[in-house]
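Below is one structure, written out as structure tokens, with a few remarks after it.
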Amino acid sequence: MKNYKLTLAICTVAIVWGTTFLSIRVAVETIPPWFVAGIRQFLAAIIMLLILLSRKQFRWIGWKNLKYQLIFSTLMLIIANGMTTVAEENVTSSLTSLISACSPIVVFLGSLALGLQKFSFRSLAGVLMCFSGIILIFWDGINDLENPDYALGIFFLFIAILGWASGTIFTKKLNIQSQNISLNLFYQFAFAGIVQIIFAFIFSEDYNFENWSLKSISAMLYLSVFGSVAAFFAFHYALTKVSPVQVSILAYINTIISIFLSWLILGEQISTKFIFAAVLIIFGVFVINYNREMFKKQRIE
């Protein structure tokens with residue numbers, strides 16, 4: 001008998017995370033980006049708190065674990081997610097999703113430098129393919145970087161990638177494991193939400209709430225409920241049924257879905273050269289992360 005719950009979980013992760021870049025782009029049309037990021041995380045924290053209370057699992061996690069969660073939250077949510085949201089004020093969602101797909105390159109290079117991963121010519125080939133894709137993207141549009149807003153958006157994207165990669169390496173280096181991921185996630189969401197909302201009031205020039213459109217508010221709520229909470233639970237349910245390596249394949253599907261929806265819904269121009277660059281980057285990341293277990297059928301009890 002087929003596991004329909006697993007199929008639903010995988011589809012949820014692939015589709016929902018594939019729509020996050022599109023949703024961010026819609027949300028920041030009328031809402032300052034730090035408000036989008038902060039309210040998203042804070043609402044997710046409230047939802048997570050209600051779930052924990054209903055299960056009678058809410059408790060204090062201790063100062064040592066809290067320190068880890070705050071570091072992780074700073075790198076992955078405040079810097080990576082926050083900077084990505086800020087960048088999408090001036091960068092298209094399709095380009096944002098494609099550049100963000102390069103984060104495994106930084107993870108690989110950082111892991112290599114720290115001795116967490118061994119060098120291989122296959123991985124080197126993957127890195128070169130990814131860099132070739134990035135060069136191809138900016139080859140004709142190098143003059144666009146003369147626009148200070150666009151250039152700043154690209155700069156923020158690379159900071160976001162560094163934040164995400166640092167958070168990944170931080171977890172890998174310390175081998176941090178948790179008995180209650182939902183509890184840790186609550187503290188991460190709450191901390192990030194509070195900090196980002198403070199940033200919103202400090203750095204937003206105009207946060208007139210009357211200018212926030214219903215479409216942008218709906219996109220922000222979608223990011224909170226589905227992008228942060230529903231997809232997270234689906235992702236971890238999938239991890240209980242198949243290996244992490246197999247679930248990692250979803251990252252490539254997310255990028256493809258994001259680019260397609262950006263073209264379909266937002267009308268963003270997707271050139272042949274952009275598609276070729278996307279193929280190079282996605283295939284390069286796949287080569288870096290390739291493992292024989294990816295396509296083996298497994299059953300995890």
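Chains: A, B, ... in order of the structure tokens. Residues: from 1 per chain. Ligands: from 1, in order shown.
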
Neighbouring residues of Lys56 in chain A were defined as those with any atom within 12 Å, considering only C-alpha atoms; residues of the same chain fewer than 6 positions away were excluded. Please report them as a count of residues only.
3

Extract, using only C-alpha atoms, all DNA, RNA and protein residues at most 12 Å from Leu95 in chain A, discarding same-chain residues fewer than 4 positions from it, and format them as number ranges by chain.
A: 21-22, 25, 84, 87-88, 90-91, 99-102, 133-134, 137-138, 141, 150, 153-154, 157, 255-256, 258-260, 262-263, 268-271, 274-275, 277-278, 281

Residues just named, written with N, CA, C and O atoms as a short mmCIF file (atom, residue, chain, number, x, y, z; two decimals), in the first residue's frame:
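Everything below was put into again.cif:
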data_model
loop_
_atom_site.label_atom_id
_atom_site.label_comp_id
_atom_site.auth_asym_id
_atom_site.auth_seq_id
_atom_site.Cartn_x
_atom_site.Cartn_y
_atom_site.Cartn_z
N PHE A 21 9.87 32.29 -2.66
CA PHE A 21 10.49 33.46 -3.29
C PHE A 21 9.45 34.31 -4.00
O PHE A 21 9.51 35.54 -3.96
N LEU A 22 8.50 33.64 -4.63
CA LEU A 22 7.39 34.35 -5.27
C LEU A 22 6.57 35.11 -4.24
O LEU A 22 6.22 36.29 -4.43
N ARG A 25 8.35 38.19 -2.91
CA ARG A 25 8.31 39.28 -3.90
C ARG A 25 6.97 40.01 -3.87
O ARG A 25 6.92 41.25 -3.96
N THR A 84 17.49 37.90 2.37
CA THR A 84 16.83 37.48 1.14
C THR A 84 15.56 38.28 0.91
O THR A 84 15.27 38.72 -0.21
N ALA A 87 16.50 41.76 -0.13
CA ALA A 87 17.02 41.77 -1.50
C ALA A 87 15.90 41.76 -2.53
O ALA A 87 16.03 42.38 -3.60
N GLU A 88 14.80 41.08 -2.22
CA GLU A 88 13.73 40.95 -3.21
C GLU A 88 12.95 42.23 -3.45
O GLU A 88 12.05 42.26 -4.28
N ASN A 90 14.44 44.63 -4.82
CA ASN A 90 15.05 45.13 -6.05
C ASN A 90 15.54 44.02 -6.98
O ASN A 90 16.03 44.32 -8.07
N VAL A 91 15.41 42.77 -6.56
CA VAL A 91 15.85 41.64 -7.39
C VAL A 91 14.66 40.73 -7.65
O VAL A 91 13.86 40.49 -6.73
N ILE A 99 20.13 32.26 -7.44
CA ILE A 99 21.35 32.58 -6.70
C ILE A 99 21.36 31.88 -5.34
O ILE A 99 22.39 31.37 -4.89
N SER A 100 20.20 31.82 -4.69
CA SER A 100 20.11 31.15 -3.40
C SER A 100 20.40 29.66 -3.52
O SER A 100 20.86 29.03 -2.55
N ALA A 101 20.14 29.10 -4.70
CA ALA A 101 20.41 27.68 -4.93
C ALA A 101 21.90 27.38 -4.89
O ALA A 101 22.30 26.21 -4.81
N CYS A 102 22.73 28.43 -4.93
CA CYS A 102 24.18 28.25 -4.90
C CYS A 102 24.74 28.06 -3.49
O CYS A 102 25.95 27.85 -3.34
N GLY A 133 27.57 28.98 -14.28
CA GLY A 133 26.18 29.44 -14.36
C GLY A 133 26.02 30.85 -13.84
O GLY A 133 25.30 31.67 -14.44
N ILE A 134 26.71 31.17 -12.73
CA ILE A 134 26.63 32.53 -12.16
C ILE A 134 27.22 33.56 -13.13
O ILE A 134 26.64 34.64 -13.35
N ILE A 137 24.85 34.27 -15.94
CA ILE A 137 23.72 35.12 -15.55
C ILE A 137 24.08 36.60 -15.65
O ILE A 137 23.32 37.41 -16.18
N PHE A 138 25.27 36.95 -15.16
CA PHE A 138 25.65 38.36 -15.09
C PHE A 138 26.46 38.84 -16.30
O PHE A 138 26.83 40.01 -16.36
N GLY A 141 24.19 41.18 -18.19
CA GLY A 141 23.55 42.15 -17.31
C GLY A 141 24.51 42.82 -16.35
O GLY A 141 24.08 43.33 -15.32
N TYR A 150 19.87 47.77 -7.28
CA TYR A 150 20.02 46.40 -7.77
C TYR A 150 21.31 45.78 -7.23
O TYR A 150 21.32 44.63 -6.77
N GLY A 153 20.92 44.87 -3.71
CA GLY A 153 20.10 43.66 -3.59
C GLY A 153 20.92 42.40 -3.81
O GLY A 153 20.79 41.42 -3.07
N ILE A 154 21.78 42.42 -4.84
CA ILE A 154 22.66 41.27 -5.11
C ILE A 154 23.62 41.06 -3.95
O ILE A 154 23.88 39.92 -3.53
N LEU A 157 21.91 39.38 -1.17
CA LEU A 157 21.69 37.96 -1.47
C LEU A 157 22.91 37.12 -1.11
O LEU A 157 22.78 36.03 -0.55
N THR A 255 13.75 25.05 -6.77
CA THR A 255 14.28 26.10 -7.63
C THR A 255 13.55 26.14 -8.97
O THR A 255 13.20 27.21 -9.48
N ILE A 256 13.30 24.97 -9.54
CA ILE A 256 12.61 24.89 -10.83
C ILE A 256 11.19 25.44 -10.70
O ILE A 256 10.73 26.21 -11.54
N SER A 258 10.08 27.55 -8.47
CA SER A 258 10.14 28.98 -8.20
C SER A 258 10.34 29.78 -9.49
O SER A 258 9.66 30.79 -9.73
N ILE A 259 11.26 29.34 -10.33
CA ILE A 259 11.52 30.04 -11.59
C ILE A 259 10.30 29.99 -12.50
O ILE A 259 9.92 31.00 -13.12
N PHE A 260 9.66 28.82 -12.58
CA PHE A 260 8.48 28.66 -13.44
C PHE A 260 7.34 29.57 -12.98
O PHE A 260 6.71 30.26 -13.79
N SER A 262 7.55 32.29 -11.14
CA SER A 262 7.91 33.69 -11.32
C SER A 262 7.60 34.15 -12.74
O SER A 262 7.17 35.28 -12.97
N TRP A 263 7.85 33.26 -13.70
CA TRP A 263 7.53 33.56 -15.11
C TRP A 263 6.02 33.56 -15.34
O TRP A 263 5.48 34.46 -16.00
N GLU A 268 7.91 37.56 -15.03
CA GLU A 268 9.34 37.85 -15.10
C GLU A 268 9.94 37.23 -16.36
O GLU A 268 9.59 36.11 -16.73
N GLN A 269 10.84 37.95 -17.01
CA GLN A 269 11.44 37.47 -18.25
C GLN A 269 12.48 36.39 -17.95
O GLN A 269 13.39 36.61 -17.15
N ILE A 270 12.31 35.26 -18.59
CA ILE A 270 13.25 34.15 -18.44
C ILE A 270 13.85 33.86 -19.80
O ILE A 270 13.21 33.28 -20.68
N SER A 271 15.09 34.27 -20.02
CA SER A 271 15.74 34.09 -21.31
C SER A 271 16.31 32.68 -21.44
O SER A 271 16.43 31.94 -20.46
N PHE A 274 19.32 32.37 -19.36
CA PHE A 274 18.99 32.20 -17.94
C PHE A 274 18.67 30.73 -17.66
O PHE A 274 19.10 30.18 -16.64
N ILE A 275 17.90 30.11 -18.54
CA ILE A 275 17.54 28.69 -18.37
C ILE A 275 18.80 27.82 -18.40
O ILE A 275 18.96 26.90 -17.59
N ALA A 277 21.82 28.77 -17.65
CA ALA A 277 22.56 29.03 -16.41
C ALA A 277 21.93 28.26 -15.24
O ALA A 277 22.64 27.72 -14.39
N ALA A 278 20.59 28.22 -15.23
CA ALA A 278 19.89 27.48 -14.18
C ALA A 278 20.23 26.00 -14.23
O ALA A 278 20.46 25.36 -13.19
N ILE A 281 23.77 25.52 -12.81
CA ILE A 281 23.84 25.66 -11.36
C ILE A 281 23.18 24.48 -10.66
O ILE A 281 23.76 23.90 -9.72
#

I'd like the interatomic distance between CA of Val16 in chain A and CA of Tyr237 in chain A, to a tenth of an Å.
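If I compute the distance from CA of Val16 in chain A to CA of Tyr237 in chain A, I get 14.9 Å.
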
List every residue of range 71-170 of chain A that DSSP, applied to the backbone of this structure, assigns to alpha helix (DSSP H), and report them as a count of residues only.
70

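The interatomic distance for the pair CA of Ala190 in chain A and CA of Ala45 in chain A works out to 5.1 Å.
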
Mind checking which residues fall within 8 Å of Leu280 in chain A, counting only C-alpha atoms, ignoring those fewer than 4 positions away in the same chain, and posting them as a PyMOL selection string?
chain A and resi 129-130+132-133+276+284
